[in-house]
$ cat upload-v2.tsv   # TSV, C-alpha atoms
chain	number	residue	atom	x	y	z
X	1	MET	CA	82.79	160.23	158.05
X	2	GLN	CA	82.26	163.99	157.85
X	3	THR	CA	85.07	166.42	158.67
X	4	ASN	CA	84.53	169.71	160.49
X	5	PRO	CA	84.55	172.53	157.86
X	6	ILE	CA	86.62	174.71	160.20
X	7	ASN	CA	89.36	172.06	160.31
X	8	LEU	CA	89.25	171.83	156.52
X	9	MET	CA	89.66	175.58	156.13
X	10	LEU	CA	92.52	175.60	158.65
X	11	ARG	CA	94.29	172.95	156.61
X	12	ARG	CA	93.70	174.99	153.47
X	13	LEU	CA	95.06	178.09	155.22
X	14	ILE	CA	98.23	176.31	156.29
X	15	GLY	CA	98.71	174.98	152.78
X	16	PHE	CA	98.26	178.42	151.26
X	17	ALA	CA	100.73	179.91	153.75
X	18	GLY	CA	103.22	177.36	152.47
X	19	VAL	CA	102.45	178.42	148.90
X	20	MET	CA	103.20	182.05	149.76
X	21	LEU	CA	106.46	181.05	151.43
X	22	VAL	CA	107.57	179.07	148.38
X	23	LEU	CA	106.54	181.94	146.10
X	24	SER	CA	108.54	184.42	148.17
X	25	ALA	CA	111.61	182.16	148.01
X	26	MET	CA	111.30	181.73	144.24
X	27	ILE	CA	110.94	185.43	143.50
X	28	PHE	CA	113.79	186.24	145.89
X	29	ILE	CA	116.11	183.79	144.11
X	30	LEU	CA	115.07	185.02	140.66
X	31	ALA	CA	115.66	188.63	141.70
X	32	ARG	CA	119.19	187.74	142.78
X	33	ILE	CA	120.16	185.87	139.60
X	34	VAL	CA	118.66	188.36	137.12
X	35	PRO	CA	121.46	190.27	135.33
X	36	GLY	CA	121.96	193.81	136.59
X	37	ASP	CA	123.07	195.22	139.92
X	38	PRO	CA	120.11	196.74	141.84
X	39	ALA	CA	122.41	199.35	143.37
X	40	ARG	CA	123.70	200.35	139.93
X	41	ILE	CA	120.13	200.52	138.60
X	42	ALA	CA	119.12	202.76	141.51
X	43	LEU	CA	122.05	205.17	141.07
X	44	GLY	CA	122.29	205.17	137.30
X	45	PRO	CA	125.19	204.43	134.93
X	46	ARG	CA	127.20	207.54	135.88
X	47	ALA	CA	127.58	206.66	139.55
X	48	SER	CA	131.07	205.73	140.75
X	49	GLN	CA	131.91	202.28	142.03
X	50	GLN	CA	132.30	203.68	145.54
X	51	GLN	CA	128.77	205.09	145.45
X	52	VAL	CA	127.48	201.74	144.17
X	53	ASP	CA	129.23	199.89	146.99
X	54	GLU	CA	127.78	202.26	149.57
X	55	MET	CA	124.31	201.79	148.08
X	56	ARG	CA	124.74	198.01	148.24
X	57	VAL	CA	125.50	198.29	151.96
X	58	GLU	CA	122.49	200.59	152.45
X	59	MET	CA	120.24	198.12	150.61
X	60	GLY	CA	121.62	195.19	152.59
X	61	LEU	CA	122.96	193.44	149.49
X	62	ASP	CA	126.32	192.83	151.15
X	63	ALA	CA	124.75	190.53	153.78
X	64	PRO	CA	124.58	186.73	153.36
X	65	LEU	CA	121.67	185.50	151.25
X	66	TYR	CA	119.90	183.76	154.13
X	67	GLN	CA	119.99	186.99	156.13
X	68	GLN	CA	118.69	188.98	153.14
X	69	TYR	CA	115.85	186.50	152.69
X	70	GLY	CA	114.95	186.58	156.37
X	71	GLU	CA	114.75	190.38	156.36
X	72	TYR	CA	112.82	190.26	153.10
X	73	VAL	CA	110.19	187.90	154.56
X	74	TRP	CA	109.94	189.83	157.84
X	75	ASN	CA	109.55	193.18	156.07
X	76	GLY	CA	107.03	191.64	153.65
X	77	LEU	CA	104.88	190.43	156.56
X	78	ARG	CA	104.83	194.02	157.83
X	79	GLY	CA	103.93	195.34	154.39
X	80	ASP	CA	107.33	196.92	153.80
X	81	PHE	CA	108.67	196.12	150.32
X	82	GLY	CA	111.45	198.67	150.35
X	83	LYS	CA	111.90	201.64	148.01
X	84	SER	CA	111.49	201.71	144.28
X	85	LEU	CA	114.86	201.70	142.53
X	86	ILE	CA	113.48	204.07	139.89
X	87	SER	CA	111.29	206.58	141.73
X	88	GLY	CA	112.83	206.31	145.19
X	89	ARG	CA	109.35	206.17	146.76
X	90	SER	CA	108.07	203.45	149.03
X	91	VAL	CA	106.86	200.51	146.92
X	92	SER	CA	104.09	199.84	149.44
X	93	ASP	CA	102.79	203.40	149.07
X	94	GLU	CA	102.84	203.17	145.28
X	95	ILE	CA	100.96	199.86	145.33
X	96	LEU	CA	98.37	201.14	147.82
X	97	THR	CA	97.80	204.13	145.55
X	98	LEU	CA	97.36	202.11	142.35
X	99	LEU	CA	95.83	198.84	143.57
X	100	PRO	CA	92.27	200.20	144.14
X	101	ALA	CA	91.99	201.13	140.45
X	102	THR	CA	92.81	197.58	139.34
X	103	LEU	CA	90.64	196.01	142.05
X	104	GLU	CA	87.68	198.11	140.92
X	105	LEU	CA	88.24	197.09	137.31
X	106	VAL	CA	88.61	193.40	138.21
X	107	ILE	CA	85.55	193.34	140.49
X	108	VAL	CA	83.34	194.90	137.80
X	109	THR	CA	84.84	192.47	135.27
X	110	VAL	CA	83.97	189.47	137.45
X	111	LEU	CA	80.42	190.80	137.91
X	112	LEU	CA	80.08	191.07	134.14
X	113	ILE	CA	81.35	187.51	133.73
X	114	VAL	CA	78.81	186.19	136.24
X	115	LEU	CA	75.87	188.19	134.89
X	116	LEU	CA	76.52	187.29	131.24
X	117	SER	CA	78.12	183.84	131.20
X	118	ILE	CA	75.85	181.96	133.63
X	119	PRO	CA	72.57	182.89	131.86
X	120	LEU	CA	74.16	182.25	128.46
X	121	GLY	CA	75.44	178.86	129.61
X	122	VAL	CA	72.00	177.93	130.96
X	123	LEU	CA	70.29	179.03	127.73
X	124	THR	CA	72.67	177.11	125.49
X	125	ALA	CA	72.17	173.96	127.58
X	126	ARG	CA	68.39	174.42	127.74
X	127	TYR	CA	68.09	174.95	123.97
X	128	ARG	CA	70.79	172.51	122.93
X	129	ASN	CA	71.45	172.13	119.17
X	130	THR	CA	69.31	175.16	118.30
X	131	TRP	CA	70.36	178.53	116.94
X	132	ILE	CA	70.63	179.81	120.52
X	133	ASP	CA	73.12	177.05	121.31
X	134	ASN	CA	75.05	177.70	118.12
X	135	PHE	CA	75.23	181.42	118.85
X	136	GLY	CA	76.36	180.80	122.43
X	137	ARG	CA	79.07	178.37	121.38
X	138	PHE	CA	80.32	180.71	118.65
X	139	PHE	CA	80.36	183.63	121.11
X	140	SER	CA	82.27	181.61	123.71
X	141	ILE	CA	84.86	180.41	121.17
X	142	VAL	CA	85.45	184.00	120.02
X	143	GLY	CA	85.79	185.16	123.62
X	144	VAL	CA	88.31	182.47	124.52
X	145	THR	CA	90.46	182.71	121.38
X	146	MET	CA	90.58	186.47	120.80
X	147	PRO	CA	93.05	188.33	123.08
X	148	SER	CA	91.67	190.97	125.41
X	149	PHE	CA	93.80	193.77	123.97
X	150	LEU	CA	92.17	193.20	120.56
X	151	PHE	CA	88.72	193.54	122.13
X	152	ALA	CA	89.93	196.74	123.79
X	153	ILE	CA	91.11	198.20	120.48
X	154	LEU	CA	87.87	197.18	118.71
X	155	LEU	CA	85.84	198.88	121.43
X	156	GLN	CA	87.91	202.03	121.04
X	157	LEU	CA	87.33	201.98	117.29
X	158	LEU	CA	83.61	201.48	117.90
X	159	ALA	CA	83.55	204.51	120.18
X	160	ALA	CA	85.60	206.60	117.76
X	161	ASN	CA	83.26	205.93	114.84
X	162	TYR	CA	79.81	205.51	116.38
X	163	LEU	CA	79.85	206.47	120.09
X	164	THR	CA	81.78	209.68	119.82
X	165	ASP	CA	80.71	210.93	123.26
X	166	TRP	CA	81.76	207.71	125.01
X	167	PRO	CA	85.00	208.00	127.01
X	168	VAL	CA	87.80	205.57	126.15
X	169	LEU	CA	90.69	206.86	128.28
X	170	GLY	CA	91.20	207.36	132.00
X	171	ARG	CA	88.95	206.65	134.97
X	172	ILE	CA	86.76	209.77	135.12
X	173	ASP	CA	86.04	212.96	133.20
X	174	TYR	CA	89.00	215.34	133.51
X	175	ARG	CA	86.65	218.11	134.70
X	176	LEU	CA	85.69	216.14	137.81
X	177	THR	CA	87.65	215.91	141.03
X	178	ILE	CA	88.61	212.58	142.59
X	179	PRO	CA	87.48	212.52	146.24
X	180	ASP	CA	89.85	211.73	149.09
X	181	GLY	CA	89.13	208.13	150.07
X	182	PRO	CA	88.03	206.12	151.74
X	183	THR	CA	88.70	203.19	149.38
X	184	GLY	CA	90.29	204.61	146.22
X	185	MET	CA	87.60	202.86	144.16
X	186	LEU	CA	85.73	205.63	142.41
X	187	LEU	CA	82.37	203.85	142.27
X	188	VAL	CA	82.41	203.25	146.02
X	189	ASP	CA	83.84	206.64	146.95
X	190	SER	CA	81.36	208.51	144.78
X	191	LEU	CA	78.49	206.72	146.53
X	192	VAL	CA	80.00	207.44	149.94
X	193	HIS	CA	80.26	211.15	149.10
X	194	GLY	CA	76.87	211.19	147.36
X	195	ASP	CA	78.37	212.43	144.09
X	196	TRP	CA	76.13	210.89	141.42
X	197	ARG	CA	77.81	212.75	138.59
X	198	LEU	CA	81.14	211.22	139.55
X	199	PHE	CA	79.50	207.80	139.89
X	200	GLY	CA	78.03	208.02	136.38
X	201	SER	CA	81.33	209.14	134.89
X	202	ALA	CA	83.29	206.39	136.66
X	203	LEU	CA	80.78	203.74	135.58
X	204	GLN	CA	80.90	204.97	131.98
X	205	HIS	CA	84.71	204.91	131.95
X	206	LEU	CA	84.66	201.39	133.42
X	207	ALA	CA	82.33	199.88	130.83
X	208	PHE	CA	84.71	199.30	127.93
X	209	PRO	CA	87.80	198.19	129.93
X	210	ALA	CA	85.71	195.77	132.01
X	211	LEU	CA	83.96	194.36	128.92
X	212	ALA	CA	87.26	193.86	127.07
X	213	LEU	CA	88.78	192.17	130.10
X	214	ALA	CA	85.69	190.01	130.69
X	215	MET	CA	85.34	188.49	127.22
X	216	ALA	CA	87.72	185.58	127.79
X	217	GLY	CA	86.09	184.74	131.12
X	218	ILE	CA	82.60	184.97	129.64
X	219	GLY	CA	83.52	182.53	126.87
X	220	GLN	CA	85.17	180.08	129.25
X	221	ILE	CA	82.47	180.12	131.95
X	222	THR	CA	79.72	179.83	129.31
X	223	ARG	CA	81.27	176.66	127.89
X	224	ILE	CA	81.85	175.12	131.33
X	225	THR	CA	78.33	175.96	132.53
X	226	ARG	CA	76.80	174.51	129.38
X	227	SER	CA	78.79	171.27	129.69
X	228	ALA	CA	77.95	170.88	133.38
X	229	MET	CA	74.24	171.53	132.79
X	230	ILE	CA	74.05	168.99	129.96
X	231	GLU	CA	75.91	166.40	132.04
X	232	HIS	CA	73.61	166.80	135.06
X	233	GLN	CA	70.48	166.69	132.91
X	234	ARG	CA	71.13	162.97	132.42
X	235	ARG	CA	71.25	162.21	136.16
X	236	ASP	CA	68.59	159.90	137.57
X	237	HIS	CA	67.15	162.38	140.05
X	238	VAL	CA	66.71	164.99	137.31
X	239	LEU	CA	64.98	162.49	135.05
X	240	THR	CA	62.75	161.52	137.99
X	241	LEU	CA	61.77	165.15	138.55
X	242	LYS	CA	60.89	165.47	134.86
X	243	SER	CA	58.81	162.31	135.00
X	244	PHE	CA	56.79	163.76	137.87
X	245	GLY	CA	56.00	166.82	135.76
X	246	VAL	CA	58.14	169.36	137.64
X	247	PRO	CA	58.42	172.49	135.46
X	248	ASP	CA	61.68	172.96	133.59
X	249	HIS	CA	62.44	176.34	135.17
X	250	VAL	CA	62.14	174.83	138.64
X	251	ILE	CA	64.47	171.95	137.73
X	252	ILE	CA	67.00	174.32	136.16
X	253	PHE	CA	67.18	177.03	138.81
X	254	ARG	CA	66.53	174.98	141.96
X	255	TYR	CA	68.48	171.80	141.19
X	256	LEU	CA	70.56	171.83	138.02
X	257	LEU	CA	72.16	175.25	138.47
X	258	LYS	CA	73.35	174.44	141.99
X	259	LEU	CA	74.81	171.11	140.91
X	260	SER	CA	76.45	172.69	137.87
X	261	SER	CA	77.96	175.66	139.70
X	262	ILE	CA	80.98	173.88	141.20
X	263	ALA	CA	83.22	173.95	138.12
X	264	PRO	CA	82.27	177.54	137.09
X	265	LEU	CA	82.86	178.80	140.63
X	266	THR	CA	86.31	177.22	140.71
X	267	ILE	CA	87.22	178.81	137.39
X	268	MET	CA	85.83	182.17	138.52
X	269	GLY	CA	88.10	182.15	141.56
X	270	LEU	CA	91.11	181.49	139.36
X	271	GLU	CA	89.87	184.11	136.89
X	272	PHE	CA	89.63	186.78	139.59
X	273	ALA	CA	93.13	186.03	140.83
X	274	SER	CA	94.67	185.99	137.35
X	275	LEU	CA	92.97	189.23	136.31
X	276	ILE	CA	94.83	191.11	139.07
X	277	GLY	CA	98.10	190.54	137.27
X	278	ASN	CA	96.89	190.11	133.69
X	279	ALA	CA	94.95	193.34	133.31
X	280	PHE	CA	98.02	195.32	132.26
X	281	VAL	CA	97.29	195.20	128.51
X	282	VAL	CA	93.76	196.55	128.92
X	283	GLU	CA	95.01	199.14	131.42
X	284	LEU	CA	97.61	200.33	128.94
X	285	VAL	CA	95.10	200.56	126.07
X	286	PHE	CA	92.61	202.57	128.15
X	287	SER	CA	95.26	204.54	130.15
X	288	TRP	CA	93.81	203.12	133.34
X	289	GLY	CA	96.92	203.59	135.45
X	290	GLY	CA	96.45	200.73	137.87
X	291	PHE	CA	98.44	198.07	139.69
X	292	ALA	CA	98.80	195.76	136.69
X	293	SER	CA	100.36	198.39	134.42
X	294	TYR	CA	102.60	199.42	137.33
X	295	GLY	CA	103.89	195.85	137.47
X	296	LEU	CA	104.61	195.85	133.73
X	297	GLU	CA	106.56	199.11	134.00
X	298	ALA	CA	108.52	197.72	136.94
X	299	ILE	CA	109.50	194.67	134.87
X	300	LEU	CA	110.57	196.76	131.88
X	301	GLN	CA	112.64	199.09	134.08
X	302	LYS	CA	114.13	196.23	136.17
X	303	ASP	CA	112.79	197.78	139.36
X	304	LEU	CA	113.42	194.64	141.42
X	305	ASN	CA	111.78	195.76	144.65
X	306	ALA	CA	108.62	196.71	142.79
X	307	VAL	CA	108.64	193.48	140.74
X	308	MET	CA	109.00	191.34	143.86
X	309	ALA	CA	106.18	193.23	145.57
X	310	VAL	CA	103.87	192.94	142.54
X	311	VAL	CA	104.43	189.18	142.31
X	312	LEU	CA	103.80	188.69	146.03
X	313	VAL	CA	100.66	190.81	146.06
X	314	SER	CA	99.33	188.99	142.98
X	315	GLY	CA	100.12	185.67	144.64
X	316	PHE	CA	98.35	186.81	147.80
X	317	PHE	CA	95.16	187.57	145.87
X	318	PHE	CA	95.45	184.22	144.11
X	319	VAL	CA	95.65	182.45	147.48
X	320	VAL	CA	92.79	184.45	149.00
X	321	ALA	CA	90.55	183.88	145.98
X	322	ASN	CA	91.14	180.13	146.14
X	323	LEU	CA	90.49	180.10	149.88
X	324	VAL	CA	87.17	181.92	149.41
X	325	ILE	CA	86.13	179.58	146.60
X	326	ASP	CA	86.96	176.54	148.74
X	327	ALA	CA	84.77	177.91	151.53
X	328	VAL	CA	81.89	178.58	149.14
X	329	LEU	CA	82.17	175.11	147.60
X	330	LEU	CA	82.08	173.47	151.03
X	331	VAL	CA	78.79	175.26	151.67
X	332	ILE	CA	77.28	174.45	148.27
X	333	ASP	CA	78.44	170.83	148.03
X	334	PRO	CA	78.56	168.99	151.41
X	335	ARG	CA	79.96	165.92	149.61
X	336	LEU	CA	83.36	167.62	149.60
X	337	ARG	CA	83.52	167.31	153.39
X	338	PHE	CA	83.22	163.55	153.14
X	339	LYS	CA	85.82	163.39	150.37
X	340	GLU	CA	88.27	165.29	152.56
X	341	ALA	CA	87.59	162.93	155.44
X	342	ASP	CA	88.42	159.93	153.25

$ encode --input "upload-v2.tsv" --output "structure tokens"
Amino acid sequence: MQTNPINLMLRRLIGFAGVMLVLSAMIFILARIVPGDPARIALGPRASQQQVDEMRVEMGLDAPLYQQYGEYVWNGLRGDFGKSLISGRSVSDEILTLLPATLELVIVTVLLIVLLSIPLGVLTARYRNTWIDNFGRFFSIVGVTMPSFLFAILLQLLAANYLTDWPVLGRIDYRLTIPDGPTGMLLVDSLVHGDWRLFGSALQHLAFPALALAMAGIGQITRITRSAMIEHQRRDHVLTLKSFGVPDHVIIFRYLLKLSSIAPLTIMGLEFASLIGNAFVVELVFSWGGFASYGLEAILQKDLNAVMAVVLVSGFFFVVANLVIDAVLLVIDPRLRFKEAD
């Protein structure tokens, strides 16, 4: 029996809402048991106890925990994460300012992963046990095992010694002006404003950070694609197509690639979600100044409001990415609808 895809997605949505609620409860509890008084952190070590007590009342820390959590969830639903204990600015405003930079980096990284790993996985499966396969497997192992910050440093050294005109810090050339909106993503905004010089500079600055961040994903997706392609090559319908003389490229791109895309797509969704929070090392190396490095600084400075907001926003992207992948998989593989019905 086949289940309506809309009902399946509604069930997924309810489940993911529960995940966000559990995540919010966990981060709220952890923020309350971490050593250090948020009011004291906000005021500094020289503040008097009376000032600290007044700040605790202003921050609502004197209220019962259930009331604090209720206000925390309600304010979070409205996009209000309070003020930063360090800068005193609205955490929501700081995140909205920095998030586009990380989103742009992550989106370009995912595009690189797709454009490089899928063809490499197909080639290694097509030419199994040849030098192409050996090269692809070696490349994927290096990508998975070597940390992204090491790739970032190697790329900087490459630029310093051989590509001396290639930028390795920041998002654009310091002589250019960042336009006002509409998205905060320089590639998109430069196209909207018709500024091709800005677009070229932003793309050039993106190349090394995106490549360093993409290497692990490229290695992982290449290996998964190769394994899935080899597995599906042994299926009866594929062998039947070969026996009828159907060309290899038709079998690969019309049948095998679609069947083999389920596992890579699932991993890509998880990869996109994890990159939102895990890009901080690459951002620090290339002075990117995005959401991920903001989260790291918040953790080091014990800025609890900012830390809680960063975790929730990262969790939100994780949930959304999984929801999108589930919808895509339901379209690609109708068998999943029958499995859900069972």

$ closest_residue --input "upload-v2.tsv" --among "X:Trp196, X:Phe139, X:Tyr255, X:Phe280" --to "Gly121 in chain X" --atoms "all atoms listed in the file"
X:Phe139

$ closest_residue --input "upload-v2.tsv" --among "X:Thr183, X:Asn75, X:Ser140, X:Gln51" --to "Thr97 in chain X" --atoms "only C-alpha atoms"
X:Thr183

$ residues_around --input "upload-v2.tsv" --residues "Glu297 in chain X" --least-positions-apart "3" --cutoff "12 Å" --atoms "only C-alpha atoms" --output "PyMOL selection string"
chain X and resi 84+86-87+280-281+283-284+289-294+300-304+306-307+310

$ write_last_selection --input "upload-v2.tsv" --atoms "C-alpha atoms" --output "PDB file, keeping the file's coordinate frame"
ATOM      1  CA  SER X  84     111.490 201.710 144.280  1.00  0.00           C
ATOM      2  CA  ILE X  86     113.480 204.070 139.890  1.00  0.00           C
ATOM      3  CA  SER X  87     111.290 206.580 141.730  1.00  0.00           C
ATOM      4  CA  PHE X 280      98.020 195.320 132.260  1.00  0.00           C
ATOM      5  CA  VAL X 281      97.290 195.200 128.510  1.00  0.00           C
ATOM      6  CA  GLU X 283      95.010 199.140 131.420  1.00  0.00           C
ATOM      7  CA  LEU X 284      97.610 200.330 128.940  1.00  0.00           C
ATOM      8  CA  GLY X 289      96.920 203.590 135.450  1.00  0.00           C
ATOM      9  CA  GLY X 290      96.450 200.730 137.870  1.00  0.00           C
ATOM     10  CA  PHE X 291      98.440 198.070 139.690  1.00  0.00           C
ATOM     11  CA  ALA X 292      98.800 195.760 136.690  1.00  0.00           C
ATOM     12  CA  SER X 293     100.360 198.390 134.420  1.00  0.00           C
ATOM     13  CA  TYR X 294     102.600 199.420 137.330  1.00  0.00           C
ATOM     14  CA  LEU X 300     110.570 196.760 131.880  1.00  0.00           C
ATOM     15  CA  GLN X 301     112.640 199.090 134.080  1.00  0.00           C
ATOM     16  CA  LYS X 302     114.130 196.230 136.170  1.00  0.00           C
ATOM     17  CA  ASP X 303     112.790 197.780 139.360  1.00  0.00           C
ATOM     18  CA  LEU X 304     113.420 194.640 141.420  1.00  0.00           C
ATOM     19  CA  ALA X 306     108.620 196.710 142.790  1.00  0.00           C
ATOM     20  CA  VAL X 307     108.640 193.480 140.740  1.00  0.00           C
ATOM     21  CA  VAL X 310     103.870 192.940 142.540  1.00  0.00           C
TER      22      VAL X 310
END

$ closest_residue --input "upload-v2.tsv" --among "X:Arg137, X:Ala202, X:Arg78, X:Gly181" --to "Trp166 in chain X" --atoms "all atoms listed in the file"
X:Ala202

$ atom_distance --input "upload-v2.tsv" --atom1 "CA of Lys242 in chain X" --atom2 "CA of Val328 in chain X"
28.6 Å

$ atom_distance --input "upload-v2.tsv" --atom1 "CA of Arg234 in chain X" --atom2 "CA of Ala125 in chain X"
12.1 Å

$ atom_distance --input "upload-v2.tsv" --atom1 "CA of Phe244 in chain X" --atom2 "CA of Ser227 in chain X"
24.6 Å

$ build_atoms --input "upload-v2.tsv" --residues "range 293-315 of chain X" --atoms "N, CA and C atoms" --output "short mmCIF file (atom, residue, chain, number, x, y, z; two decimals), in the frame of the given file"
data_model
loop_
_atom_site.label_atom_id
_atom_site.label_comp_id
_atom_site.auth_asym_id
_atom_site.auth_seq_id
_atom_site.Cartn_x
_atom_site.Cartn_y
_atom_site.Cartn_z
N SER X 293 99.44 197.66 135.28
CA SER X 293 100.36 198.39 134.42
C SER X 293 101.60 198.84 135.18
N TYR X 294 101.46 199.10 136.48
CA TYR X 294 102.60 199.42 137.33
C TYR X 294 103.57 198.24 137.36
N GLY X 295 103.04 197.03 137.47
CA GLY X 295 103.89 195.85 137.47
C GLY X 295 104.63 195.68 136.15
N LEU X 296 103.96 195.96 135.04
CA LEU X 296 104.61 195.85 133.73
C LEU X 296 105.75 196.86 133.62
N GLU X 297 105.51 198.10 134.04
CA GLU X 297 106.56 199.11 134.00
C GLU X 297 107.74 198.72 134.88
N ALA X 298 107.44 198.14 136.04
CA ALA X 298 108.52 197.72 136.94
C ALA X 298 109.38 196.64 136.29
N ILE X 299 108.75 195.72 135.56
CA ILE X 299 109.50 194.67 134.87
C ILE X 299 110.38 195.26 133.77
N LEU X 300 109.82 196.17 132.98
CA LEU X 300 110.57 196.76 131.88
C LEU X 300 111.74 197.60 132.38
N GLN X 301 111.59 198.24 133.54
CA GLN X 301 112.64 199.09 134.08
C GLN X 301 113.56 198.36 135.06
N LYS X 302 113.33 197.05 135.25
CA LYS X 302 114.13 196.23 136.17
C LYS X 302 114.12 196.79 137.59
N ASP X 303 112.96 197.28 137.99
CA ASP X 303 112.79 197.78 139.36
C ASP X 303 112.50 196.56 140.25
N LEU X 304 113.54 195.93 140.77
CA LEU X 304 113.42 194.64 141.42
C LEU X 304 112.52 194.66 142.64
N ASN X 305 112.64 195.69 143.47
CA ASN X 305 111.78 195.76 144.65
C ASN X 305 110.30 195.82 144.26
N ALA X 306 110.01 196.61 143.24
CA ALA X 306 108.62 196.71 142.79
C ALA X 306 108.15 195.41 142.16
N VAL X 307 109.01 194.75 141.38
CA VAL X 307 108.64 193.48 140.74
C VAL X 307 108.34 192.43 141.79
N MET X 308 109.20 192.32 142.79
CA MET X 308 109.00 191.34 143.86
C MET X 308 107.70 191.60 144.60
N ALA X 309 107.42 192.88 144.86
CA ALA X 309 106.18 193.23 145.57
C ALA X 309 104.96 192.91 144.73
N VAL X 310 105.01 193.21 143.44
CA VAL X 310 103.87 192.94 142.54
C VAL X 310 103.58 191.45 142.48
N VAL X 311 104.62 190.64 142.37
CA VAL X 311 104.43 189.18 142.31
C VAL X 311 103.82 188.67 143.61
N LEU X 312 104.31 189.15 144.75
CA LEU X 312 103.80 188.69 146.03
C LEU X 312 102.35 189.11 146.24
N VAL X 313 102.04 190.34 145.89
CA VAL X 313 100.66 190.81 146.06
C VAL X 313 99.72 190.04 145.14
N SER X 314 100.15 189.79 143.90
CA SER X 314 99.33 188.99 142.98
C SER X 314 99.15 187.58 143.52
N GLY X 315 100.22 186.99 144.05
CA GLY X 315 100.12 185.67 144.64
C GLY X 315 99.20 185.64 145.85
#
